[in-house]
file structure_14.tsv (TSV, C-alpha atoms and all ligand atoms)
chain	number	residue	atom	x	y	z
M	1	MET	CA	0.00	0.00	0.00
M	2	ALA	CA	2.75	2.41	1.01
M	3	LEU	CA	4.48	1.59	-2.25
M	4	THR	CA	1.39	2.54	-4.29
M	5	VAL	CA	1.13	5.85	-2.48
M	6	ASP	CA	4.83	6.49	-3.15
M	7	MET	CA	4.37	5.73	-6.81
M	8	ASP	CA	1.26	7.81	-7.16
M	9	ILE	CA	2.70	10.81	-5.42
M	10	LYS	CA	5.73	10.75	-7.73
M	11	GLN	CA	3.46	10.44	-10.75
M	12	THR	CA	1.27	13.26	-9.51
M	13	ALA	CA	4.28	15.53	-8.97
M	14	GLU	CA	5.61	14.68	-12.42
M	15	LYS	CA	2.24	15.39	-13.97
M	16	LEU	CA	2.23	18.83	-12.34
M	17	ILE	CA	5.78	19.50	-13.56
M	18	ASN	CA	5.00	18.47	-17.14
M	19	LYS	CA	1.41	19.60	-17.57
M	20	HIS	CA	1.15	22.59	-15.15
M	21	SER	CA	-2.28	21.32	-14.22
M	22	LEU	CA	-3.91	18.75	-11.93
M	23	SER	CA	-7.47	17.93	-10.96
M	24	VAL	CA	-8.77	19.13	-7.57
M	25	ASP	CA	-8.48	15.54	-6.30
M	26	GLU	CA	-4.86	15.36	-7.45
M	27	TYR	CA	-3.94	18.67	-5.83
M	28	GLU	CA	-5.48	17.45	-2.60
M	29	PHE	CA	-3.57	14.17	-2.87
M	30	LEU	CA	-0.31	16.03	-3.49
M	31	ILE	CA	-0.79	18.33	-0.50
M	32	THR	CA	-1.82	15.52	1.83
M	33	ASN	CA	0.84	13.00	0.84
M	34	ARG	CA	3.83	15.25	0.16
M	35	THR	CA	7.15	13.98	1.51
M	36	PRO	CA	10.42	15.89	1.93
M	37	GLY	CA	11.64	14.24	-1.29
M	38	ILE	CA	8.58	15.33	-3.30
M	39	THR	CA	8.74	18.82	-1.82
M	40	GLU	CA	12.38	19.10	-2.92
M	41	LEU	CA	11.59	17.82	-6.42
M	42	ILE	CA	8.82	20.37	-6.85
M	43	ARG	CA	10.91	23.14	-5.31
M	44	SER	CA	13.87	22.59	-7.62
M	45	GLU	CA	11.63	22.43	-10.70
M	46	ALA	CA	9.87	25.63	-9.60
M	47	VAL	CA	13.20	27.41	-9.19
M	48	SER	CA	14.39	26.33	-12.61
M	49	VAL	CA	11.12	27.50	-14.22
M	50	ARG	CA	11.42	30.87	-12.44
M	51	GLN	CA	15.11	31.06	-13.37
M	52	LYS	CA	14.33	30.60	-17.08
M	53	ILE	CA	11.79	33.42	-17.08
M	54	TYR	CA	13.09	35.91	-14.51
M	55	GLY	CA	16.69	34.78	-13.85
M	56	ASN	CA	18.00	35.61	-10.39
M	57	LYS	CA	16.31	39.00	-10.39
M	58	VAL	CA	13.88	39.90	-7.64
M	59	PHE	CA	11.32	42.65	-8.25
M	60	VAL	CA	10.53	45.01	-5.39
M	61	ARG	CA	7.32	46.91	-4.71
M	62	GLY	CA	7.21	49.84	-2.31
M	63	LEU	CA	4.22	49.15	-0.09
M	64	ILE	CA	2.43	52.22	1.24
M	65	GLU	CA	-0.23	51.38	3.82
M	66	ILE	CA	-2.51	54.32	3.25
M	67	SER	CA	-5.26	53.70	5.80
M	68	SER	CA	-6.11	51.49	8.75
M	69	TYR	CA	-9.79	52.49	8.65
M	70	CYS	CA	-11.95	49.70	7.31
M	71	ARG	CA	-15.68	49.23	6.92
M	72	ASN	CA	-15.21	45.45	6.73
M	73	ASP	CA	-14.99	42.95	9.52
M	74	CYS	CA	-12.90	40.02	8.21
M	75	LEU	CA	-12.64	37.78	11.25
M	76	TYR	CA	-8.89	37.21	10.86
M	77	CYS	CA	-7.81	40.81	10.38
M	78	GLY	CA	-6.34	43.08	13.04
M	79	ILE	CA	-7.76	46.27	11.49
M	80	ARG	CA	-11.31	44.92	11.16
M	81	LYS	CA	-13.89	47.51	12.13
M	82	SER	CA	-14.94	45.70	15.33
M	83	ASN	CA	-11.43	45.91	16.75
M	84	HIS	CA	-11.85	48.94	18.98
M	85	ASN	CA	-8.28	48.61	20.22
M	86	ALA	CA	-6.90	49.30	16.75
M	87	GLU	CA	-5.44	52.76	16.36
M	88	ARG	CA	-6.72	54.30	13.17
M	89	TYR	CA	-4.85	56.57	10.78
M	90	ARG	CA	-4.99	57.60	7.19
M	91	LEU	CA	-2.36	59.22	5.02
M	92	ASP	CA	-3.29	62.26	2.94
M	93	GLU	CA	-2.18	62.86	-0.62
M	94	GLU	CA	0.87	64.83	0.41
M	95	GLN	CA	2.07	62.11	2.79
M	96	ILE	CA	1.57	59.41	0.17
M	97	LEU	CA	3.43	61.42	-2.44
M	98	SER	CA	6.32	61.96	-0.09
M	99	CYS	CA	6.55	58.17	0.43
M	100	CYS	CA	6.68	57.83	-3.37
M	101	ASP	CA	9.40	60.48	-3.61
M	102	GLU	CA	11.47	58.62	-1.05
M	103	GLY	CA	10.73	55.29	-2.71
M	104	TYR	CA	11.75	56.52	-6.14
M	105	ASP	CA	15.12	57.60	-4.78
M	106	LEU	CA	15.53	54.17	-3.21
M	107	GLY	CA	14.99	52.53	-6.61
M	108	TYR	CA	11.35	51.47	-6.41
M	109	ARG	CA	9.51	51.54	-9.72
M	110	THR	CA	6.22	50.15	-8.42
M	111	PHE	CA	4.18	51.70	-5.65
M	112	VAL	CA	1.49	49.64	-4.00
M	113	LEU	CA	-1.23	51.65	-2.28
M	114	GLN	CA	-2.88	49.33	0.21
M	115	GLY	CA	-5.44	49.93	2.90
M	116	GLY	CA	-8.68	49.04	4.57
M	117	GLU	CA	-11.90	49.93	2.77
M	118	ASP	CA	-11.99	53.56	3.81
M	119	ALA	CA	-14.72	55.81	2.37
M	120	TYR	CA	-12.36	58.80	2.57
M	121	TYR	CA	-10.68	57.51	-0.59
M	122	THR	CA	-13.33	58.49	-3.09
M	123	ASP	CA	-12.78	57.94	-6.78
M	124	GLU	CA	-12.02	61.65	-7.17
M	125	ARG	CA	-9.31	61.64	-4.49
M	126	LEU	CA	-7.75	58.46	-5.81
M	127	GLU	CA	-7.85	59.62	-9.42
M	128	ALA	CA	-6.05	62.83	-8.50
M	129	LEU	CA	-3.48	60.89	-6.49
M	130	ILE	CA	-2.81	58.30	-9.20
M	131	ARG	CA	-2.51	61.01	-11.86
M	132	GLU	CA	-0.02	62.91	-9.73
M	133	ILE	CA	2.12	59.82	-9.07
M	134	LYS	CA	2.12	59.06	-12.80
M	135	ARG	CA	2.95	62.68	-13.65
M	136	ARG	CA	5.93	62.68	-11.30
M	137	TYR	CA	7.04	59.18	-12.16
M	138	PRO	CA	5.89	58.10	-15.61
M	139	ASP	CA	8.32	55.17	-15.46
M	140	CYS	CA	6.61	53.67	-12.38
M	141	ALA	CA	3.69	51.27	-12.06
M	142	VAL	CA	0.89	51.94	-9.60
M	143	THR	CA	-0.70	48.96	-7.89
M	144	LEU	CA	-3.86	49.35	-5.85
M	145	SER	CA	-4.96	47.05	-3.05
M	146	LEU	CA	-8.00	48.81	-1.65
M	147	GLY	CA	-10.56	46.05	-1.54
M	148	GLU	CA	-13.93	45.78	-3.22
M	149	ARG	CA	-15.23	48.65	-5.34
M	150	SER	CA	-17.73	48.95	-8.19
M	151	TYR	CA	-16.89	48.19	-11.81
M	152	GLU	CA	-17.19	51.92	-12.58
M	153	SER	CA	-14.80	52.83	-9.79
M	154	TYR	CA	-12.20	50.27	-10.86
M	155	LYS	CA	-12.53	51.57	-14.41
M	156	ARG	CA	-12.04	55.19	-13.41
M	157	LEU	CA	-8.94	54.34	-11.40
M	158	PHE	CA	-7.56	52.31	-14.31
M	159	GLU	CA	-8.18	55.20	-16.66
M	160	ALA	CA	-6.42	57.52	-14.23
M	161	GLY	CA	-3.32	55.34	-14.68
M	162	ALA	CA	-3.41	52.47	-12.16
M	163	ASP	CA	-1.71	49.44	-13.69
M	164	ARG	CA	-2.32	46.59	-11.28
M	165	TYR	CA	-4.81	45.57	-8.59
M	166	LEU	CA	-4.33	43.08	-5.77
M	167	LEU	CA	-7.45	41.53	-4.31
M	168	ARG	CA	-6.91	38.20	-2.62
M	169	HIS	CA	-9.84	35.87	-3.17
M	170	GLU	CA	-9.03	34.55	0.38
M	171	THR	CA	-10.55	31.10	-0.34
M	172	ALA	CA	-12.14	29.60	-3.43
M	173	ASP	CA	-14.69	27.71	-1.34
M	174	LYS	CA	-17.88	29.67	-0.69
M	175	GLU	CA	-18.69	27.90	2.56
M	176	HIS	CA	-15.17	28.46	3.89
M	177	TYR	CA	-15.41	32.11	2.84
M	178	GLY	CA	-18.50	32.36	5.01
M	179	MET	CA	-16.54	31.07	8.03
M	180	LEU	CA	-13.91	33.79	7.66
M	181	HIS	CA	-16.20	36.76	7.07
M	182	PRO	CA	-19.43	38.23	8.43
M	183	SER	CA	-22.51	37.36	6.40
M	184	TYR	CA	-22.71	40.75	4.67
M	185	GLN	CA	-19.33	40.18	3.02
M	186	SER	CA	-20.00	38.03	0.01
M	187	PHE	CA	-17.91	35.45	-1.80
M	188	ASP	CA	-19.77	36.16	-5.03
M	189	THR	CA	-19.01	39.88	-4.83
M	190	ARG	CA	-15.32	39.15	-4.21
M	191	MET	CA	-15.19	36.88	-7.24
M	192	LYS	CA	-17.10	39.38	-9.38
M	193	CYS	CA	-14.61	42.10	-8.42
M	194	LEU	CA	-11.77	39.88	-9.62
M	195	GLU	CA	-13.53	39.27	-12.94
M	196	ASP	CA	-14.21	43.01	-13.31
M	197	LEU	CA	-10.58	43.91	-12.66
M	198	LYS	CA	-9.36	41.49	-15.28
M	199	LYS	CA	-11.94	42.62	-17.81
M	200	ILE	CA	-10.98	46.27	-17.35
M	201	GLY	CA	-7.37	45.40	-18.16
M	202	TYR	CA	-5.55	45.52	-14.82
M	203	GLN	CA	-2.70	43.11	-14.17
M	204	THR	CA	-4.79	41.38	-11.54
M	205	GLY	CA	-3.62	39.59	-8.41
M	206	CYS	CA	-5.54	37.16	-6.23
M	207	GLY	CA	-4.36	34.94	-3.40
M	208	PHE	CA	-5.11	33.36	-0.06
M	209	MET	CA	-3.81	32.74	3.43
M	210	VAL	CA	-2.24	29.39	4.20
M	211	GLY	CA	-3.59	27.82	7.38
M	212	SER	CA	-6.55	30.13	7.82
M	213	PRO	CA	-9.04	28.80	10.38
M	214	PHE	CA	-11.10	25.82	9.17
M	215	GLN	CA	-8.97	25.46	6.03
M	216	THR	CA	-8.50	21.89	4.77
M	217	ALA	CA	-6.28	20.39	2.08
M	218	ARG	CA	-9.42	20.24	-0.08
M	219	HIS	CA	-9.89	23.99	0.26
M	220	ILE	CA	-6.31	24.62	-0.80
M	221	ALA	CA	-6.75	22.23	-3.72
M	222	LYS	CA	-9.73	24.34	-4.83
M	223	ASP	CA	-7.62	27.51	-4.45
M	224	LEU	CA	-4.99	25.99	-6.74
M	225	LYS	CA	-7.59	25.01	-9.32
M	226	PHE	CA	-9.02	28.52	-9.15
M	227	LEU	CA	-5.55	29.97	-9.85
M	228	GLU	CA	-5.14	27.61	-12.77
M	229	GLU	CA	-8.42	28.78	-14.30
M	230	PHE	CA	-8.35	32.48	-13.38
M	231	ARG	CA	-4.71	32.86	-14.45
M	232	PRO	CA	-3.84	35.96	-12.40
M	233	ALA	CA	-0.77	38.05	-13.24
M	234	MET	CA	0.11	38.09	-9.52
M	235	CYS	CA	-0.61	35.80	-6.62
M	236	GLY	CA	-0.18	36.72	-2.96
M	237	ILE	CA	-0.02	33.88	-0.48
M	238	GLY	CA	1.26	33.94	3.07
M	239	PRO	CA	0.65	32.13	6.33
M	240	PHE	CA	-2.35	33.15	8.42
M	241	ILE	CA	-1.08	34.73	11.66
M	242	THR	CA	-3.24	35.36	14.68
M	243	HIS	CA	-4.05	38.83	15.98
M	244	LYS	CA	-4.77	39.14	19.68
M	245	ASP	CA	-7.87	41.32	19.24
M	246	THR	CA	-9.74	39.19	16.71
M	247	PRO	CA	-12.14	36.27	17.12
M	248	PHE	CA	-9.36	34.00	15.79
M	249	LYS	CA	-6.88	34.96	18.50
M	250	ASP	CA	-6.58	31.40	19.82
M	251	GLU	CA	-6.19	29.69	16.44
M	252	GLU	CA	-2.92	28.24	15.16
M	253	ASN	CA	-0.68	30.18	12.82
M	254	GLY	CA	-0.29	28.86	9.28
M	255	SER	CA	2.74	26.73	8.47
M	256	THR	CA	5.86	28.19	6.87
M	257	GLU	CA	6.67	24.82	5.33
M	258	LEU	CA	3.28	24.45	3.64
M	259	THR	CA	3.43	28.04	2.38
M	260	LEU	CA	6.82	27.36	0.79
M	261	PHE	CA	5.55	24.16	-0.80
M	262	LEU	CA	2.56	26.03	-2.24
M	263	LEU	CA	4.77	28.81	-3.63
M	264	SER	CA	6.61	26.12	-5.62
M	265	VAL	CA	3.37	24.50	-6.77
M	266	ILE	CA	1.98	27.88	-7.87
M	267	ARG	CA	5.17	28.65	-9.82
M	268	LEU	CA	4.64	25.38	-11.70
M	269	ILE	CA	0.95	26.09	-12.37
M	270	LEU	CA	1.61	29.67	-13.54
M	271	PRO	CA	5.24	29.80	-14.74
M	272	ASN	CA	5.37	33.57	-15.32
M	273	VAL	CA	3.28	34.70	-12.34
M	274	LEU	CA	4.54	37.55	-10.15
M	275	LEU	CA	4.80	35.76	-6.84
M	276	PRO	CA	5.77	37.61	-3.66
M	277	ALA	CA	7.60	36.19	-0.69
M	278	THR	CA	5.35	38.02	1.75
M	279	THR	CA	5.96	39.90	4.98
M	280	ALA	CA	3.78	37.30	6.75
M	281	LEU	CA	6.23	34.63	5.60
M	282	GLY	CA	9.06	36.75	7.03
M	283	THR	CA	7.10	36.90	10.28
M	284	THR	CA	6.55	33.15	10.80
M	285	ASP	CA	10.20	32.46	9.94
M	286	ALA	CA	13.11	34.91	10.37
M	287	ILE	CA	14.41	33.95	6.92
M	288	GLY	CA	11.02	33.11	5.45
M	289	ARG	CA	11.33	35.59	2.59
M	290	GLU	CA	14.70	34.16	1.54
M	291	LYS	CA	13.19	30.68	1.68
M	292	GLY	CA	10.24	31.96	-0.37
M	293	ILE	CA	12.57	33.16	-3.14
M	294	LEU	CA	14.38	29.82	-2.99
M	295	SER	CA	11.00	28.10	-3.44
M	296	GLY	CA	10.05	29.97	-6.63
M	297	ALA	CA	8.85	33.45	-5.55
M	298	ASN	CA	10.25	36.47	-7.44
M	299	VAL	CA	8.85	39.56	-5.72
M	300	ILE	CA	9.24	41.24	-2.34
M	301	MET	CA	7.21	44.12	-1.00
M	302	PRO	CA	9.19	46.20	1.47
M	303	ASN	CA	7.39	48.76	3.56
M	304	LEU	CA	7.51	52.39	2.43
M	305	SER	CA	4.92	53.67	4.91
M	306	PRO	CA	6.00	56.45	7.29
M	307	THR	CA	7.60	54.78	10.33
M	308	GLU	CA	5.20	56.48	12.74
M	309	VAL	CA	2.14	54.71	11.31
M	310	ARG	CA	3.58	51.26	10.69
M	311	GLU	CA	2.61	49.73	14.00
M	312	LYS	CA	-0.96	50.84	13.47
M	313	TYR	CA	-1.31	48.77	10.29
M	314	ALA	CA	-1.24	45.62	12.39
M	315	LEU	CA	-3.03	42.93	10.42
M	316	TYR	CA	-1.52	40.28	12.72
M	317	ASP	CA	0.75	40.09	15.77
M	318	ASN	CA	4.54	40.53	15.65
M	319	LYS	CA	4.59	41.92	12.12
M	320	ILE	CA	8.19	42.56	11.06
M	321	CYS	CA	9.78	45.79	9.77
M	322	THR	CA	7.56	48.13	11.79
M	323	GLY	CA	10.47	49.96	13.45
M	324	GLU	CA	12.74	50.50	10.45
M	325	GLU	CA	13.08	53.46	8.12
M	326	SER	CA	12.31	52.75	4.46
M	327	ALA	CA	15.96	53.08	3.49
M	328	GLN	CA	16.91	50.51	6.15
M	329	CYS	CA	14.30	48.07	4.80
M	330	ARG	CA	15.64	48.48	1.33
M	331	GLN	CA	19.26	47.88	2.40
M	332	CYS	CA	18.30	44.97	4.61
M	333	LEU	CA	16.47	43.27	1.75
M	334	SER	CA	19.30	43.84	-0.74
M	335	ARG	CA	21.63	42.20	1.75
M	336	ARG	CA	19.25	39.33	2.39
M	337	MET	CA	18.73	38.67	-1.32
M	338	GLY	CA	22.48	38.96	-1.98
M	339	SER	CA	23.14	36.35	0.71
M	340	ILE	CA	21.19	33.76	-1.32
M	341	GLY	CA	22.60	34.77	-4.73
M	342	TYR	CA	19.70	36.95	-5.89
M	343	GLU	CA	19.61	40.58	-6.90
M	344	ILE	CA	17.01	43.29	-6.36
M	345	VAL	CA	16.43	45.25	-9.56
M	346	THR	CA	15.26	48.79	-10.27
M	347	ASP	CA	12.46	47.90	-12.67
M	348	ARG	CA	8.67	48.17	-12.94
M	349	GLY	CA	8.72	44.39	-12.88
M	350	ASP	CA	5.79	43.66	-15.15
M	351	VAL	CA	4.64	40.13	-15.78
M	352	LYS	CA	6.66	38.56	-18.62
M	353	LYS	CA	4.61	37.19	-21.49
M	354	ILE	CA	5.59	33.65	-22.38
M	401	LIG	N1	-8.65	45.85	2.24
M	401	LIG	C1	-7.97	45.24	1.16
M	401	LIG	C2	-8.50	43.87	0.85
M	401	LIG	O1	-9.34	43.40	1.59
M	401	LIG	O2	-8.11	43.29	-0.15
M	401	LIG	C3	-6.45	45.18	1.34
M	401	LIG	C4	-5.93	45.08	2.72
M	401	LIG	S1	-6.06	43.48	3.46
M	401	LIG	C5	-5.47	43.82	5.07
M	401	LIG	C6	-4.71	42.60	2.70
M	401	LIG	C7	-4.59	41.14	2.99
M	401	LIG	O3	-4.05	40.91	4.28
M	401	LIG	C8	-5.85	40.34	2.99
M	401	LIG	O4	-6.23	40.02	1.68
M	401	LIG	C9	-5.50	39.12	3.84
M	401	LIG	O5	-5.27	37.96	3.04
M	401	LIG	C10	-4.24	39.56	4.58
M	401	LIG	N2	-4.41	39.39	6.04
M	401	LIG	C11	-5.33	39.98	6.82
M	401	LIG	N3	-5.25	39.50	8.08
M	401	LIG	C12	-4.26	38.59	8.10
M	401	LIG	C13	-3.72	37.73	9.10
M	401	LIG	N4	-4.22	37.73	10.33
M	401	LIG	N5	-2.70	36.91	8.77
M	401	LIG	C14	-2.20	36.93	7.51
M	401	LIG	N6	-2.68	37.70	6.52
M	401	LIG	C15	-3.70	38.53	6.80
M	402	LIG	FE1	-10.59	45.44	6.12
M	402	LIG	FE2	-8.82	43.82	7.11
M	402	LIG	S1	-10.97	43.88	7.58
M	402	LIG	S2	-8.44	45.46	5.75
call {"tool": "encode", "arguments": {"input": "structure_14.tsv", "output": "structure tokens", "more": "lines below"}}
Ligand code: SAM
Ligand code: FES
result
Amino acid sequence: MALTVDMDIKQTAEKLINKHSLSVDEYEFLITNRTPGITELIRSEAVSVRQKIYGNKVFVRGLIEISSYCRNDCLYCGIRKSNHNAERYRLDEEQILSCCDEGYDLGYRTFVLQGGEDAYYTDERLEALIREIKRRYPDCAVTLSLGERSYESYKRLFEAGADRYLLRHETADKEHYGMLHPSYQSFDTRMKCLEDLKKIGYQTGCGFMVGSPFQTARHIAKDLKFLEEFRPAMCGIGPFITHKDTPFKDEENGSTELTLFLLSVIRLILPNVLLPATTALGTTDAIGREKGILSGANVIMPNLSPTEVREKYALYDNKICTGEESAQCRQCLSRRMGSIGYEIVTDRGDVKKI
């Protein structure tokens, strides 16, 4: 029996490597029965795929956390609206532009504006902001990560110059989605937003947390199938990490090892995807981001937010890089990437067509 499982797992891994696609059952089988040997096989294939497309270059995105106000109440998130202990802040246009100025000098050519769903950021305000960033820095990409908005709003922001949009789908299983969110937040709306973004022409990113409460191997298998079918330009995955003031405070953190395995699997499913080694991965493991790059990731997203607000954008406990200046983060990451034979590049870092 053990022999059959061994044979099947090898065949399943080889099928993934050669065909870039598995059934949901096969993904589940691979996740459940992976061994250190299979993990290493998939990792080394993922690295060679990434190497062929992106070489040893790592793209960086300057992450500006523009607001910790949020109208949503995601059960896992430290800045959910029901967390009355969260300190709220928002950056105005001038503050955001000064982060961009600093980031440009540090070599960033993509700025990611991320925040809670904060009504202050109307289409008009965001359009003016995006236009000004593009006017100052026509050689930079603007990525938005501001949650769910209407088709019209996404379109206006795209027309103002935004290039990319990150909206994690969180889980591709509707029932599981319902366990992570209050009932007024809808799985169907989330999925429609992703379709809208793609239709409008954004380089669109989805993604999920690894080890979120109630998640099973079957759920992850469905996430992988969703990625295969949706074919995002970017995919953000990182371990779930507890936050002390959320209903999930007593849950377990997600596993670094499983996250790394999934980064490799995703690289094989979507060879040219822009795949970040996330801050959450650097939080569950001191060298998690390095391990992420060595598992097939090719992007890192250092923090460009003003130091005085960083602690307030606490999605989870013990988040790293909250005390450093932006320049320190940049140097630290160059050093970390250099230590594993990779190089941070000054580049917009668009998805390569293959
Ligand atoms: N409001 C926007 C949205 O919902 O897409 C962007 C901000 S939201 C904080 C960004 C991502 O952080 C979420 O998509 C979620 O996957 C991740 N996140 C939130 N809480 C987390 C936690 N406790 N552990 C790990 N990741 C978390
Ligand atoms: Fe809105 Fe987390 S609940 S950003």
call {"tool": "atom_distance", "arguments": {"input": "structure_14.tsv", "atom1": "CA of Lys10 in chain M", "atom2": "CA of Ile42 in chain M"}}
result
10.1 Å
call {"tool": "residues_around", "arguments": {"input": "structure_14.tsv", "residues": "His219 in chain M", "least_positions_apart": "6", "cutoff": "8 Å", "atoms": "all atoms listed in the file", "output": "list in words"}}
result
Thr171, Ala172, Asp173 and His176 of chain M
call {"tool": "residues_around", "arguments": {"input": "structure_14.tsv", "residues": "range 64-74 of chain M", "least_positions_apart": "3", "cutoff": "9 Å", "atoms": "only C-alpha atoms", "output": "PyMOL selection string"}}
result
chain M and resi 77-83+86-92+96+99-100+111-119+180-182+185+303-306+309-310+312-314
call {"tool": "residues_near_ligand", "arguments": {"input": "structure_14.tsv", "ligand": "ligand LIG 401 (chain M)", "cutoff": "8 Å", "atoms": "all atoms listed in the file", "output": "ChimeraX atom specification"}}
result
/M:70,72,74,76-79,114-117,145-148,166-170,207-209,212,236-243,280,315-317
call {"tool": "write_last_selection", "arguments": {"input": "structure_14.tsv", "atoms": "C-alpha atoms", "output": "mmCIF file, in the coordinates of the input"}}
result
data_model
loop_
_atom_site.group_PDB
_atom_site.id
_atom_site.type_symbol
_atom_site.label_atom_id
_atom_site.label_comp_id
_atom_site.auth_asym_id
_atom_site.auth_seq_id
_atom_site.Cartn_x
_atom_site.Cartn_y
_atom_site.Cartn_z
ATOM 1 C CA CYS M 70 -11.950 49.700 7.310
ATOM 2 C CA ASN M 72 -15.210 45.450 6.730
ATOM 3 C CA CYS M 74 -12.900 40.020 8.210
ATOM 4 C CA TYR M 76 -8.890 37.210 10.860
ATOM 5 C CA CYS M 77 -7.810 40.810 10.380
ATOM 6 C CA GLY M 78 -6.340 43.080 13.040
ATOM 7 C CA ILE M 79 -7.760 46.270 11.490
ATOM 8 C CA GLN M 114 -2.880 49.330 0.210
ATOM 9 C CA GLY M 115 -5.440 49.930 2.900
ATOM 10 C CA GLY M 116 -8.680 49.040 4.570
ATOM 11 C CA GLU M 117 -11.900 49.930 2.770
ATOM 12 C CA SER M 145 -4.960 47.050 -3.050
ATOM 13 C CA LEU M 146 -8.000 48.810 -1.650
ATOM 14 C CA GLY M 147 -10.560 46.050 -1.540
ATOM 15 C CA GLU M 148 -13.930 45.780 -3.220
ATOM 16 C CA LEU M 166 -4.330 43.080 -5.770
ATOM 17 C CA LEU M 167 -7.450 41.530 -4.310
ATOM 18 C CA ARG M 168 -6.910 38.200 -2.620
ATOM 19 C CA HIS M 169 -9.840 35.870 -3.170
ATOM 20 C CA GLU M 170 -9.030 34.550 0.380
ATOM 21 C CA GLY M 207 -4.360 34.940 -3.400
ATOM 22 C CA PHE M 208 -5.110 33.360 -0.060
ATOM 23 C CA MET M 209 -3.810 32.740 3.430
ATOM 24 C CA SER M 212 -6.550 30.130 7.820
ATOM 25 C CA GLY M 236 -0.180 36.720 -2.960
ATOM 26 C CA ILE M 237 -0.020 33.880 -0.480
ATOM 27 C CA GLY M 238 1.260 33.940 3.070
ATOM 28 C CA PRO M 239 0.650 32.130 6.330
ATOM 29 C CA PHE M 240 -2.350 33.150 8.420
ATOM 30 C CA ILE M 241 -1.080 34.730 11.660
ATOM 31 C CA THR M 242 -3.240 35.360 14.680
ATOM 32 C CA HIS M 243 -4.050 38.830 15.980
ATOM 33 C CA ALA M 280 3.780 37.300 6.750
ATOM 34 C CA LEU M 315 -3.030 42.930 10.420
ATOM 35 C CA TYR M 316 -1.520 40.280 12.720
ATOM 36 C CA ASP M 317 0.750 40.090 15.770
#
call {"tool": "closest_residue", "arguments": {"input": "structure_14.tsv", "among": "M:Ser23, M:Thr246, M:Asn33, M:Ser44", "to": "ligand LIG 402 (chain M)", "atoms": "only C-alpha atoms and all ligand atoms"}}
result
M:Thr246
call {"tool": "axis_aligned_box", "arguments": {"input": "structure_14.tsv", "around": "range 307-316 of chain M", "padding_each_side": "3 Å", "output": "AutoDock Vina command-line options"}}
result
--center_x 2.3 --center_y 48.4 --center_z 12.1 --size_x 16.6 --size_y 22.2 --size_z 9.7
call {"tool": "residues_near_point", "arguments": {"input": "structure_14.tsv", "point": "(-1.2, 65.8, -1.9)", "cutoff": "10 Å", "atoms": "only C-alpha atoms", "output": "list in words"}}
result
Leu91, Asp92, Glu93, Glu94, Gln95, Ile96, Leu97, Ser98, Arg125, Ala128, Leu129, Glu132 and Ile133 of chain M
call {"tool": "residues_around", "arguments": {"input": "structure_14.tsv", "residues": "Lys192 in chain M", "least_positions_apart": "5", "cutoff": "12 Å", "atoms": "only C-alpha atoms", "output": "list in words"}}
result
Glu148, Arg149, Ser150, Tyr151, Leu167, His169, Ser186, Phe187, Leu197, Lys198, Lys199 and Phe230 of chain M
call {"tool": "atom_distance", "arguments": {"input": "structure_14.tsv", "atom1": "CA of Val142 in chain M", "atom2": "CA of Arg109 in chain M"}}
result
8.6 Å
call {"tool": "atom_distance", "arguments": {"input": "structure_14.tsv", "atom1": "CA of Leu22 in chain M", "atom2": "CA of Asn253 in chain M"}}
result
27.5 Å
call {"tool": "residues_around", "arguments": {"input": "structure_14.tsv", "residues": "Gly292 in chain M", "least_positions_apart": "4", "cutoff": "10 Å", "atoms": "only C-alpha atoms", "output": "list in words"}}
result
Gly238, Thr256, Glu257, Thr259, Leu260, Phe261, Leu262, Leu263, Ser264, Leu275, Pro276, Ala277, Thr278, Leu281, Gly282, Ile287, Gly288, Gly296, Ala297, Asn298, Val299 and Ile300 of chain M
